[in-house]
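A.B. asks: My structure file model-v5.txt, compact mmCIF, C-alpha atoms (C1' of nucleotides), is below:
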# COMPACT_ATOMS: atom_id res chain seq x y z
CA MET A 27 -102.14 115.78 -78.86
CA SER A 28 -98.80 114.01 -79.11
CA LEU A 29 -97.76 115.89 -82.23
CA ARG A 30 -97.21 118.99 -80.16
CA TYR A 31 -94.81 117.14 -77.89
CA ALA A 32 -93.06 115.38 -80.73
CA LEU A 33 -92.36 118.84 -82.14
CA LEU A 34 -91.22 120.14 -78.78
CA ALA A 35 -88.90 117.13 -78.49
CA LEU A 36 -87.33 118.06 -81.79
CA LEU A 37 -86.95 121.71 -80.83
CA THR A 38 -85.16 120.85 -77.58
CA ALA A 39 -82.16 120.02 -79.77
CA GLN A 40 -81.96 123.34 -81.61
CA PRO A 41 -84.05 126.20 -83.03
CA MET A 42 -85.33 125.56 -86.54
CA THR A 43 -87.49 127.08 -89.25
CA GLY A 44 -90.85 125.46 -89.97
CA TYR A 45 -89.41 123.98 -93.11
CA ASP A 46 -86.49 122.45 -91.26
CA VAL A 47 -88.76 121.21 -88.50
CA ALA A 48 -90.88 119.44 -91.10
CA LYS A 49 -87.87 118.00 -92.91
CA THR A 50 -85.98 116.78 -89.89
CA PHE A 51 -89.24 115.56 -88.38
CA HIS A 52 -89.65 113.09 -91.22
CA SER A 53 -86.18 111.73 -90.67
CA SER A 54 -86.29 111.52 -86.87
CA VAL A 55 -89.32 111.64 -84.51
CA GLY A 56 -91.54 111.08 -87.52
CA HIS A 57 -90.51 107.42 -87.49
CA VAL A 58 -92.31 107.04 -84.19
CA TRP A 59 -95.04 109.63 -84.61
CA HIS A 60 -95.93 110.44 -88.18
CA ALA A 61 -97.36 113.80 -89.27
CA PRO A 62 -97.67 115.47 -92.68
CA ASP A 63 -96.37 118.99 -93.34
CA SER A 64 -99.94 120.22 -93.53
CA GLN A 65 -100.30 119.37 -89.87
CA ILE A 66 -96.88 120.57 -88.74
CA TYR A 67 -97.03 124.19 -89.95
CA PRO A 68 -100.39 125.04 -88.34
CA GLU A 69 -99.40 123.25 -85.13
CA LEU A 70 -96.22 125.34 -84.89
CA LYS A 71 -98.37 128.47 -85.19
CA ARG A 72 -100.65 127.29 -82.42
CA MET A 73 -97.69 126.38 -80.25
CA GLU A 74 -96.30 129.87 -80.70
CA LEU A 75 -99.65 131.36 -79.69
CA ASP A 76 -99.57 129.17 -76.60
CA GLY A 77 -96.09 130.41 -75.76
CA LEU A 78 -94.36 127.04 -76.03
CA ILE A 79 -92.12 128.22 -78.82
CA ARG A 80 -90.95 131.64 -79.97
CA GLY A 81 -90.85 132.56 -83.65
CA GLU A 82 -88.61 135.12 -85.24
CA ASP A 83 -88.65 136.27 -88.85
CA ILE A 84 -85.19 136.11 -90.34
CA ALA A 85 -83.90 136.89 -93.81
CA ARG A 86 -84.29 134.02 -96.19
CA THR A 87 -81.52 135.05 -98.52
CA SER A 88 -77.97 136.21 -98.03
CA ARG A 89 -78.02 139.06 -100.55
CA ALA A 90 -80.92 140.47 -102.61
CA GLY A 91 -84.60 139.66 -102.00
CA ASN A 92 -86.70 140.51 -98.98
CA ALA A 93 -88.37 137.15 -98.30
CA THR A 94 -88.22 135.88 -94.75
CA LYS A 95 -88.52 132.56 -92.96
CA ARG A 96 -89.59 131.98 -89.41
CA LEU A 97 -87.13 130.52 -86.93
CA TYR A 98 -88.73 128.73 -83.99
CA GLY A 99 -87.04 128.15 -80.68
CA ILE A 100 -88.44 126.41 -77.61
CA THR A 101 -89.26 128.71 -74.69
CA GLU A 102 -88.86 127.99 -70.99
CA ALA A 103 -92.61 127.38 -70.88
CA GLY A 104 -92.13 124.92 -73.73
CA VAL A 105 -89.41 123.02 -71.90
CA ALA A 106 -91.61 122.93 -68.79
CA ALA A 107 -94.59 121.66 -70.79
CA PHE A 108 -92.46 118.97 -72.39
CA ARG A 109 -91.07 117.83 -69.05
CA GLN A 110 -94.57 117.81 -67.62
CA TRP A 111 -95.85 115.71 -70.50
CA MET A 112 -92.97 113.30 -70.08
CA SER A 113 -94.02 112.68 -66.49
CA VAL A 114 -97.73 112.06 -67.00
CA PRO A 115 -98.76 108.50 -67.84
CA THR A 116 -99.36 107.59 -71.48
CA GLU A 117 -102.96 107.21 -72.53
CA TYR A 118 -103.51 104.01 -74.40
CA SER A 119 -106.03 104.19 -77.18
CA ALA A 120 -108.32 101.27 -77.81
CA GLU A 121 -107.07 98.51 -80.07
CA ARG A 122 -107.74 99.02 -83.76
CA ASN A 123 -105.82 96.55 -85.82
CA PRO A 124 -106.81 96.22 -89.49
CA ALA A 125 -104.44 93.36 -90.30
CA HIS A 126 -105.55 91.20 -87.39
CA LEU A 127 -109.19 92.07 -88.02
CA ARG A 128 -108.90 90.66 -91.52
CA ALA A 129 -106.85 87.67 -90.41
CA ALA A 130 -109.59 86.64 -87.99
CA TYR A 131 -111.91 86.19 -90.98
CA PHE A 132 -109.48 84.81 -93.56
CA GLU A 133 -111.85 81.93 -94.29
CA TRP A 134 -113.80 84.50 -96.33
CA ALA A 135 -110.87 85.16 -98.67
CA ASP A 136 -109.41 82.87 -101.30
CA ALA A 137 -105.93 81.42 -100.96
CA ALA A 138 -104.37 83.96 -103.31
CA SER A 139 -105.78 86.93 -101.39
CA VAL A 140 -104.63 85.48 -98.09
CA ARG A 141 -101.12 84.98 -99.41
CA ALA A 142 -101.09 88.47 -100.91
CA GLN A 143 -102.21 90.04 -97.62
CA LEU A 144 -99.61 88.18 -95.60
CA LEU A 145 -96.85 89.02 -98.07
CA ALA A 146 -97.92 92.69 -97.96
CA HIS A 147 -97.80 92.50 -94.16
CA ILE A 148 -94.26 91.17 -94.32
CA GLU A 149 -93.28 93.83 -96.83
CA HIS A 150 -94.77 96.64 -94.76
CA TRP A 151 -93.08 95.61 -91.54
CA THR A 152 -89.81 94.92 -93.33
CA GLU A 153 -89.82 98.50 -94.59
CA MET A 154 -90.63 99.81 -91.13
CA ARG A 155 -87.90 97.65 -89.68
CA GLU A 156 -85.37 99.01 -92.14
CA GLN A 157 -86.25 102.58 -91.22
CA TRP A 158 -85.85 101.86 -87.54
CA VAL A 159 -82.62 99.92 -88.02
CA GLY A 160 -81.35 102.87 -90.04
CA GLN A 161 -82.16 105.25 -87.21
CA LEU A 162 -80.51 102.94 -84.71
CA SER A 163 -77.26 102.69 -86.64
CA SER A 164 -77.18 106.44 -87.20
CA PHE A 165 -77.30 106.86 -83.41
CA ALA A 166 -74.51 104.32 -83.01
CA ASP A 167 -72.18 105.84 -85.60
CA ARG A 168 -73.12 109.43 -84.73
CA SER A 169 -74.31 110.23 -88.24
CA HIS A 170 -77.75 111.37 -87.09
CA PRO A 171 -77.60 115.19 -87.19
CA ILE A 172 -80.31 115.95 -84.62
CA PHE A 173 -79.07 113.29 -82.23
CA GLN A 174 -75.54 114.58 -82.69
CA LYS A 175 -76.70 118.13 -81.93
CA ARG A 176 -78.53 116.88 -78.86
CA LEU A 177 -75.37 115.32 -77.50
CA GLU A 178 -73.38 118.47 -78.25
CA ILE A 179 -75.65 120.67 -76.14
CA SER A 180 -75.73 118.13 -73.27
CA PRO A 181 -73.10 117.45 -70.62
CA PRO A 182 -71.09 114.31 -71.45
CA SER A 183 -72.29 112.76 -68.20
CA GLU A 184 -75.76 112.64 -69.76
CA TRP A 185 -74.66 110.98 -72.98
CA PRO A 186 -75.10 107.37 -71.84
CA ARG A 187 -78.62 108.11 -70.59
CA ILE A 188 -79.67 109.90 -73.78
CA THR A 189 -78.19 107.20 -75.99
CA ALA A 190 -79.52 104.28 -73.98
CA TRP A 191 -83.16 105.43 -74.08
CA LYS A 192 -83.06 106.27 -77.74
CA MET A 193 -81.70 102.83 -78.53
CA PHE A 194 -84.19 101.22 -76.16
CA ALA A 195 -87.10 102.86 -77.99
CA TYR A 196 -85.95 101.89 -81.45
CA GLU A 197 -84.95 98.38 -80.43
CA GLY A 198 -88.48 97.96 -79.16
CA LEU A 199 -89.90 99.03 -82.49
CA ILE A 200 -87.59 96.65 -84.32
CA ALA A 201 -88.65 93.78 -82.06
CA GLN A 202 -92.24 94.71 -82.83
CA ALA A 203 -91.55 94.55 -86.56
CA ASP A 204 -89.79 91.20 -86.15
CA GLN A 205 -92.78 89.85 -84.31
CA GLN A 206 -95.18 91.00 -87.04
CA ILE A 207 -93.01 89.42 -89.72
CA ALA A 208 -92.78 86.15 -87.81
CA TRP A 209 -96.55 86.14 -87.37
CA ALA A 210 -97.22 86.66 -91.07
CA LYS A 211 -94.76 83.88 -91.94
CA LYS A 212 -96.64 81.55 -89.62
CA GLY A 213 -99.76 82.60 -91.50
CA LEU A 214 -98.23 81.68 -94.83
CA ALA A 215 -97.34 78.26 -93.46
CA LEU A 216 -100.84 77.85 -92.10
CA GLU A 217 -102.34 78.82 -95.42
CA ALA A 218 -100.22 76.25 -97.18
CA SER A 219 -101.23 73.53 -94.74
CA LEU A 220 -104.94 74.37 -95.02
CA ASP A 221 -104.62 74.35 -98.77
CA ASN A 222 -102.80 71.05 -99.18
CA GLY A 223 -103.27 69.10 -96.01
CA MET B 28 -113.81 102.54 -92.72
CA SER B 29 -113.02 99.21 -91.04
CA LEU B 30 -115.85 99.56 -88.54
CA ARG B 31 -118.33 98.86 -91.31
CA TYR B 32 -116.60 95.60 -92.13
CA ALA B 33 -116.15 94.59 -88.52
CA LEU B 34 -119.93 94.95 -88.18
CA LEU B 35 -120.54 92.99 -91.38
CA ALA B 36 -118.23 90.25 -90.06
CA LEU B 37 -120.36 90.02 -86.94
CA LEU B 38 -123.61 89.93 -88.90
CA THR B 39 -122.40 87.07 -91.12
CA ALA B 40 -122.94 84.84 -88.08
CA GLN B 41 -126.56 85.78 -87.44
CA PRO B 42 -129.10 88.64 -87.62
CA MET B 43 -129.09 90.87 -84.56
CA THR B 44 -130.69 93.99 -83.15
CA GLY B 45 -128.55 97.10 -82.84
CA TYR B 46 -128.33 96.54 -79.14
CA ASP B 47 -127.15 92.97 -79.57
CA VAL B 48 -124.69 94.01 -82.24
CA ALA B 49 -123.22 96.56 -79.86
CA LYS B 50 -123.10 94.10 -76.97
CA THR B 51 -121.62 91.18 -78.82
CA PHE B 52 -119.28 93.54 -80.63
CA HIS B 53 -117.62 94.45 -77.36
CA SER B 54 -117.08 90.79 -76.51
CA SER B 55 -115.85 89.66 -79.92
CA VAL B 56 -114.59 91.73 -82.88
CA GLY B 57 -114.31 94.70 -80.55
CA HIS B 58 -111.15 93.14 -79.12
CA VAL B 59 -109.48 93.70 -82.45
CA TRP B 60 -111.33 96.79 -83.63
CA HIS B 61 -112.79 98.92 -80.88
CA ALA B 62 -115.85 101.12 -81.35
CA PRO B 63 -118.22 102.78 -78.87
CA ASP B 64 -122.01 102.33 -79.09
CA SER B 65 -122.30 105.91 -80.24
CA GLN B 66 -120.46 104.92 -83.39
CA ILE B 67 -122.15 101.57 -83.93
CA TYR B 68 -125.80 102.66 -84.07
CA PRO B 69 -125.35 105.42 -86.67
CA GLU B 70 -123.08 103.17 -88.75
CA LEU B 71 -125.75 100.46 -88.83
CA LYS B 72 -128.22 103.02 -90.12
CA ARG B 73 -125.82 104.10 -92.84
CA MET B 74 -125.13 100.48 -93.77
CA GLU B 75 -128.83 99.88 -94.13
CA LEU B 76 -129.15 102.92 -96.41
CA ASP B 77 -126.29 101.49 -98.47
CA GLY B 78 -128.10 98.18 -98.75
CA LEU B 79 -125.45 96.13 -96.94
CA ILE B 80 -127.86 95.10 -94.21
CA ARG B 81 -131.64 94.94 -93.99
CA GLY B 82 -133.49 96.21 -90.92
CA GLU B 83 -136.86 95.00 -89.73
CA ASP B 84 -138.86 96.38 -86.84
CA ILE B 85 -139.95 93.63 -84.54
CA ALA B 86 -141.95 93.66 -81.31
CA ARG B 87 -139.80 94.34 -78.32
CA THR B 88 -142.06 92.69 -75.80
CA SER B 89 -143.91 89.42 -75.66
CA ARG B 90 -147.19 90.79 -74.33
CA ALA B 91 -148.35 94.37 -73.74
CA GLY B 92 -146.47 97.45 -74.98
CA ASN B 93 -145.95 98.56 -78.54
CA ALA B 94 -142.26 99.35 -78.49
CA THR B 95 -140.17 97.85 -81.24
CA LYS B 96 -136.53 97.03 -81.85
CA ARG B 97 -134.77 96.79 -85.17
CA LEU B 98 -133.39 93.46 -86.30
CA TYR B 99 -130.54 93.71 -88.80
CA GLY B 100 -129.56 90.96 -91.19
CA ILE B 101 -126.76 91.00 -93.75
CA THR B 102 -127.91 91.20 -97.38
CA GLU B 103 -126.37 89.52 -100.40
CA ALA B 104 -124.84 92.87 -101.27
CA GLY B 105 -123.44 92.95 -97.75
CA VAL B 106 -121.85 89.54 -98.09
CA ALA B 107 -120.40 90.56 -101.46
CA ALA B 108 -119.01 93.79 -100.01
CA PHE B 109 -117.46 91.89 -97.12
CA ARG B 110 -115.87 89.32 -99.41
CA GLN B 111 -114.61 92.13 -101.61
CA TRP B 112 -113.09 93.94 -98.64
CA MET B 113 -111.44 90.72 -97.48
CA SER B 114 -109.68 90.43 -100.82
CA VAL B 115 -108.29 93.98 -101.13
CA PRO B 116 -104.94 94.62 -99.46
CA THR B 117 -104.89 96.24 -96.02
CA GLU B 118 -103.94 99.88 -95.87
CA TYR B 119 -101.31 100.50 -93.28
CA SER B 120 -101.56 103.76 -91.47
CA ALA B 121 -98.44 105.63 -90.55
CA GLU B 122 -96.78 104.79 -87.27
CA ARG B 123 -98.03 106.69 -84.28
CA ASN B 124 -96.77 105.18 -81.09
CA PRO B 125 -97.16 107.24 -77.91
CA ALA B 126 -95.30 104.83 -75.63
CA HIS B 127 -92.24 104.59 -77.87
CA LEU B 128 -92.31 108.32 -78.54
CA ARG B 129 -91.99 108.97 -74.83
CA ALA B 130 -89.42 106.24 -74.31
CA ALA B 131 -87.14 107.82 -76.90
CA TYR B 132 -86.93 110.89 -74.63
CA PHE B 133 -86.93 109.27 -71.21
CA GLU B 134 -83.83 111.24 -70.24
CA TRP B 135 -86.28 114.13 -69.73
CA ALA B 136 -88.22 112.26 -67.05
CA ASP B 137 -87.17 111.41 -63.53
CA ALA B 138 -86.57 107.82 -62.46
CA ALA B 139 -89.95 107.54 -60.72
CA SER B 140 -91.86 108.68 -63.80
CA VAL B 141 -89.95 106.31 -66.04
CA ARG B 142 -90.68 103.40 -63.75
CA ALA B 143 -94.35 104.41 -63.53
CA GLN B 144 -94.67 104.61 -67.30
CA LEU B 145 -93.05 101.25 -67.86
CA LEU B 146 -95.18 99.62 -65.18
CA ALA B 147 -98.29 101.15 -66.73
CA HIS B 148 -97.17 99.77 -70.08
CA ILE B 149 -96.84 96.31 -68.58
CA GLU B 150 -100.22 96.64 -66.92
CA HIS B 151 -101.94 97.79 -70.09
CA TRP B 152 -100.55 94.99 -72.24
CA THR B 153 -101.20 92.44 -69.54
CA GLU B 154 -104.86 93.41 -69.57
CA MET B 155 -104.98 93.25 -73.35
CA ARG B 156 -103.26 89.89 -73.25
CA GLU B 157 -105.80 88.54 -70.79
CA GLN B 158 -108.67 89.61 -73.02
CA TRP B 159 -107.14 87.94 -76.03
CA VAL B 160 -106.27 84.79 -74.11
CA GLY B 161 -109.87 84.73 -72.92
CA GLN B 162 -111.12 84.93 -76.48
CA LEU B 163 -108.74 82.22 -77.56
CA SER B 164 -109.81 79.79 -74.88
CA SER B 165 -113.47 80.48 -75.58
CA PHE B 166 -112.85 79.42 -79.17
CA ALA B 167 -111.07 76.29 -77.99
CA ASP B 168 -113.75 75.20 -75.53
CA ARG B 169 -116.62 76.36 -77.74
CA SER B 170 -118.01 78.73 -75.13
CA HIS B 171 -117.91 81.74 -77.45
CA PRO B 172 -121.54 82.24 -78.55
CA ILE B 173 -120.89 84.05 -81.84
CA PHE B 174 -118.09 81.71 -82.82
CA GLN B 175 -120.30 78.77 -81.92
CA LYS B 176 -123.12 80.15 -84.07
CA ARG B 177 -120.70 80.67 -86.92
CA LEU B 178 -119.67 77.02 -86.84
CA GLU B 179 -123.31 75.91 -86.67
CA ILE B 180 -124.21 77.68 -89.88
CA SER B 181 -121.08 76.46 -91.68
CA PRO B 182 -120.41 73.02 -93.18
CA PRO B 183 -118.19 70.92 -90.86
CA SER B 184 -115.59 70.76 -93.62
CA GLU B 185 -115.02 74.47 -93.07
CA TRP B 186 -114.60 74.24 -89.31
CA PRO B 187 -110.82 73.72 -89.29
CA ARG B 188 -110.31 76.70 -91.58
CA ILE B 189 -112.56 79.00 -89.55
CA THR B 190 -111.01 77.91 -86.27
CA ALA B 191 -107.43 78.04 -87.49
CA TRP B 192 -107.60 81.65 -88.73
CA LYS B 193 -109.37 82.86 -85.64
CA MET B 194 -106.72 81.33 -83.45
CA PHE B 195 -103.97 82.61 -85.72
CA ALA B 196 -105.25 86.19 -85.36
CA TYR B 197 -105.55 86.06 -81.59
CA GLU B 198 -102.26 84.24 -81.11
CA GLY B 199 -100.65 87.06 -83.06
CA LEU B 200 -102.17 89.64 -80.75
CA ILE B 201 -101.00 87.69 -77.71
CA ALA B 202 -97.48 87.51 -79.11
CA GLN B 203 -97.64 91.25 -79.65
CA ALA B 204 -98.65 91.78 -76.02
CA ASP B 205 -95.85 89.50 -74.84
CA GLN B 206 -93.36 91.47 -76.85
CA GLN B 207 -94.55 94.77 -75.38
CA ILE B 208 -94.33 93.38 -71.87
CA ALA B 209 -90.83 92.03 -72.48
CA TRP B 210 -89.77 95.39 -73.87
CA ALA B 211 -91.04 97.30 -70.85
CA LYS B 212 -89.30 94.86 -68.52
CA LYS B 213 -86.04 95.47 -70.35
CA GLY B 214 -86.74 99.17 -69.81
CA LEU B 215 -87.13 98.68 -66.07
CA ALA B 216 -83.80 96.88 -65.97
CA LEU B 217 -82.19 99.63 -68.00
CA GLU B 218 -83.62 102.26 -65.69
CA ALA B 219 -82.17 100.45 -62.69
CA SER B 220 -78.75 100.16 -64.30
CA LEU B 221 -78.68 103.85 -65.31
CA ASP B 222 -79.73 104.75 -61.79
CA ASN B 223 -77.20 102.69 -59.89
CA GLY B 224 -74.46 101.76 -62.31
C1' DG C 23 -84.06 129.45 -118.68
C1' DA C 24 -85.68 125.41 -116.18
C1' DA C 25 -85.72 122.43 -112.41
C1' DA C 26 -85.06 121.55 -107.73
C1' DA C 27 -85.44 122.82 -103.32
C1' DC C 28 -86.97 126.34 -100.05
C1' DA C 29 -90.93 128.06 -97.59
C1' DT C 30 -95.67 128.00 -95.89
C1' DG C 31 -99.70 126.99 -95.78
C1' DT C 32 -105.62 126.46 -96.64
C1' DA C 33 -110.00 123.90 -97.09
C1' DA C 34 -112.95 120.17 -97.14
C1' DC C 35 -113.67 116.04 -95.25
C1' DC C 36 -113.93 112.08 -92.23
C1' DG C 37 -113.55 108.92 -88.55
C1' DG C 38 -113.35 108.67 -83.76
C1' DT C 39 -114.07 110.64 -78.82
C1' DT C 40 -116.77 112.39 -75.11
C1' DA C 41 -120.59 113.62 -72.94
C1' DC C 42 -125.12 113.65 -72.70
C1' DA C 43 -130.25 112.27 -73.43
C1' DT C 44 -134.33 109.47 -73.12
C1' DG C 45 -137.63 106.17 -72.67
C1' DA C 46 -139.36 101.06 -72.28
C1' DT C 47 -139.31 96.65 -70.22
C1' DT C 48 -138.06 93.14 -67.05
C1' DC C 49 -136.51 91.47 -62.72
C1' DT C 50 -136.43 91.44 -57.66
C1' DA D 15 -141.40 100.56 -56.27
C1' DG D 16 -136.76 100.72 -57.79
C1' DA D 17 -132.84 98.82 -60.16
C1' DA D 18 -131.02 96.68 -63.97
C1' DT D 19 -130.89 96.10 -68.53
C1' DC D 20 -132.90 96.80 -72.98
C1' DA D 21 -132.88 100.02 -76.75
C1' DT D 22 -131.26 103.89 -79.51
C1' DG D 23 -129.27 107.47 -80.31
C1' DT D 24 -127.56 113.20 -80.85
C1' DA D 25 -124.19 117.03 -80.75
C1' DA D 26 -119.99 119.20 -80.24
C1' DC D 27 -115.47 118.61 -80.82
C1' DC D 28 -110.93 117.29 -82.36
C1' DG D 29 -107.09 115.22 -84.60
C1' DG D 30 -105.67 113.46 -88.83
C1' DT D 31 -106.05 112.84 -94.15
C1' DT D 32 -106.05 114.43 -98.81
C1' DA D 33 -105.71 117.48 -102.16
C1' DC D 34 -104.59 121.63 -103.54
C1' DA D 35 -102.24 126.51 -103.77
C1' DT D 36 -98.55 129.78 -104.22
C1' DG D 37 -94.52 132.22 -104.42
C1' DT D 38 -89.09 132.50 -103.74
C1' DT D 39 -84.40 131.27 -104.10
C1' DT D 40 -80.74 128.47 -105.56
C1' DT D 41 -78.50 125.42 -108.65
C1' DC D 42 -77.43 123.46 -113.11
For this file, write the structure as structure tokens.
C.D. replies:
Amino acid sequence: MSLRYALLALLTAQPMTGYDVAKTFHSSVGHVWHAPDSQIYPELKRMELDGLIRGEDIARTSRAGNATKRLYGITEAGVAAFRQWMSVPTEYSAERNPAHLRAAYFEWADAASVRAQLLAHIEHWTEMREQWVGQLSSFADRSHPIFQKRLEISPPSEWPRITAWKMFAYEGLIAQADQQIAWAKKGLALEASLDNG
Amino acid sequence: MSLRYALLALLTAQPMTGYDVAKTFHSSVGHVWHAPDSQIYPELKRMELDGLIRGEDIARTSRAGNATKRLYGITEAGVAAFRQWMSVPTEYSAERNPAHLRAAYFEWADAASVRAQLLAHIEHWTEMREQWVGQLSSFADRSHPIFQKRLEISPPSEWPRITAWKMFAYEGLIAQADQQIAWAKKGLALEASLDNG
DNA sequence: GAAAACATGTAACCGGTTACATGATTCT
DNA sequence: AGAATCATGTAACCGGTTACATGTTTTC
């Protein structure tokens, strides 16, 4: 159910068409809560039915053609629902960790597989880390369009608060990635010692 | 699809009834890959149909009564499938992180809610940490029944390998919990500074 | 004229969640 | 006799995944 609120979060910055929601989603909230386009479009429809957002058909082209696109804006009910969601405690889902599951039984894999898995783990978390670092620096240098827009529509007195939490969230994700990378490196060392020692 | 392999992992130690699988699951692999009983029983049936495990009806009671229970043992095909799975690279699912999603928008929550969320985060990961530490010490002092059984059926030359990977996996989870707790504590400090400073 | 980007989905499937259902055996 | 624990599920639902479908407008 978080997708709905991730979308609301995005739409608190500015009204957008479904296409723009999807696109900016992938380069903002999507780094924390992934969703494919095929989930975003239907969810927007449902959110409109539930009154959280309001859709308006607007012309898709400047001159000829009669195609339209739908511009979604958050409603007061949507803002209220988002605020409400922000104040209720997070539900933690039960642990389900494929990498650690495998690692616990690495004695069943040969040395090459173990190394490959650990290297893939490092690669995966390095990529994640890069994405998050990229987000973080685009907050810092104000090159992040949605974040920029968010600041523009907020009173300057709120800027430190908005910025601080955003950085806090992404720094946490980066620390998480660092920890995963460090763990996998320890695993590579362990593999080497089991192999030779 | 990992549940299937988590169950196979468990059954490499010894044959068990569905009930025992479910019970020991919750106090072993279940700490890395959670599943409710309602998922375990049907999956065992499917695994038997697929020839990964073999089920045998045995008497449930020593004397009177004619009730039976089903004892499942891993087959050669099951062992092969498990080994195969251990050698293919892990698939990483896209990031979906409810706590960090919220944190990125904490400016929408009041101070009390923020504090409550962060404290709940600390509580959650402290509980997880305790579970994992418990597992780890039960490997160390040989009080973990499944782990003990696993060593018994393995040649002593394999014991260091088996033990080392198990500890590696759980130490990684503990480090993860520590990192989450540290992050939330930084959040509490940040909240205080935004509030007063 | 073709390719890229805009724009919006549907359908089938699958794994996981939640709630409920039922009966047998053993222990006190 | 009643409680605990053994023993095994079913059914409805729901969110997410994967693959596919289709047409328009803009840009080169």
A.B. asks: I need the chain A residues near chain B as a VMD selection string; criterion: at most 8 Å, counting all atoms listed in the file.
C.D. replies: chain A and resid 28 32 35 55 57 to 60 109 112 to 118 120 to 136 139 to 140 142 to 143 146 150 187 to 188 191 to 196 198 to 199 201 to 202 205 to 206 209 213 220
A.B. asks: I'd like a table as a tab-separated table: residues in chain A with an atom no more than 9 Å from chain D, each row giving the shortest atom pair and its distance in Å to one decimal, only C-alpha atoms (C1' of nucleotides) counted, sorted by chain and rising residue number.
C.D. replies:
residue	atom	partner	partner_atom	distance
A:Met27	CA	D:DG29	C1'	7.6
A:Ala61	CA	D:DG30	C1'	8.3
A:Pro62	CA	D:DT31	C1'	8.9
A:Gln65	CA	D:DG30	C1'	8.1
A:Arg86	CA	D:DT39	C1'	8.4
A:Thr87	CA	D:DT39	C1'	7.3
A:Gly91	CA	D:DT38	C1'	8.6
A:Ala93	CA	D:DT38	C1'	7.2
A.B. asks: Can I get the selected residues back with C-alpha atoms, as a JSON list (two decimals), keeping the file's coordinate frame?
C.D. replies:
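Okay, this is what ended up in result_8.json:
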[["chain", "number", "residue", "atom", "x", "y", "z"],
["A", 27, "MET", "CA", -102.14, 115.78, -78.86],
["A", 61, "ALA", "CA", -97.36, 113.80, -89.27],
["A", 62, "PRO", "CA", -97.67, 115.47, -92.68],
["A", 65, "GLN", "CA", -100.30, 119.37, -89.87],
["A", 86, "ARG", "CA", -84.29, 134.02, -96.19],
["A", 87, "THR", "CA", -81.52, 135.05, -98.52],
["A", 91, "GLY", "CA", -84.60, 139.66, -102.00],
["A", 93, "ALA", "CA", -88.37, 137.15, -98.30]]
A.B. asks: Could you check which of B:Gly105, B:Pro172, B:Gly78, B:Pro42 is closest to Ser54 (chain B), using only C-alpha atoms?
C.D. replies: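 Once distances to Ser54 (chain B) are computed over only C-alpha atoms, the minimum belongs to B:Pro172.
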A.B. asks: Rounded to one decimal, what separation in Å do you get between CA of Tyr68 (chain B) and CA of Ile80 (chain B)?
C.D. replies: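 The value is 12.8 Å.
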A.B. asks: Listing only residues of chain C within 10 Å of chain A, what is the closest atom pair and its distance in Å (to one decimal) for each, using only C-alpha atoms (C1' of nucleotides), sorted by chain and residue number ascending, as JSON lines?
C.D. replies:
{"residue": "C:DC28", "atom": "C1'", "partner": "A:Tyr45", "partner_atom": "CA", "distance": 7.7}
{"residue": "C:DA29", "atom": "C1'", "partner": "A:Tyr45", "partner_atom": "CA", "distance": 6.2}
{"residue": "C:DT30", "atom": "C1'", "partner": "A:Tyr67", "partner_atom": "CA", "distance": 7.2}
{"residue": "C:DG31", "atom": "C1'", "partner": "A:Tyr67", "partner_atom": "CA", "distance": 7.0}
{"residue": "C:DT32", "atom": "C1'", "partner": "A:Ser64", "partner_atom": "CA", "distance": 9.0}
A.B. asks: Got a sec: who's within 12 Å of Leu76 (chain B), counting only C-alpha atoms (C1' of nucleotides), leaving out chain neighbours fewer than 5 positions off, as a list in words?
C.D. replies: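 Residues near the query, excluding close chain neighbours: Pro69, Glu70, Leu71, Arg81, Gly82, Thr102, Ala104 and Gly105 of chain B.
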A.B. asks: Keeping only C-alpha atoms, write those residues as a tab-separated table (two decimals), keeping the file's coordinate frame.
C.D. replies:
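Listed below is the output, selection_29.tsv:
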chain	number	residue	atom	x	y	z
B	69	PRO	CA	-125.35	105.42	-86.67
B	70	GLU	CA	-123.08	103.17	-88.75
B	71	LEU	CA	-125.75	100.46	-88.83
B	81	ARG	CA	-131.64	94.94	-93.99
B	82	GLY	CA	-133.49	96.21	-90.92
B	102	THR	CA	-127.91	91.20	-97.38
B	104	ALA	CA	-124.84	92.87	-101.27
B	105	GLY	CA	-123.44	92.95	-97.75
A.B. asks: For CA of Ser55 (chain B) and CA of Phe174 (chain B), quote the distance in Å rounded to one decimal.
C.D. replies: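 Going from CA of Ser55 (chain B) over to CA of Phe174 (chain B) covers 8.8 Å.
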A.B. asks: In Å, how far is it from CA of Arg73 (chain B) to C1' of DT47 (chain C)?
C.D. replies: 27.4 Å
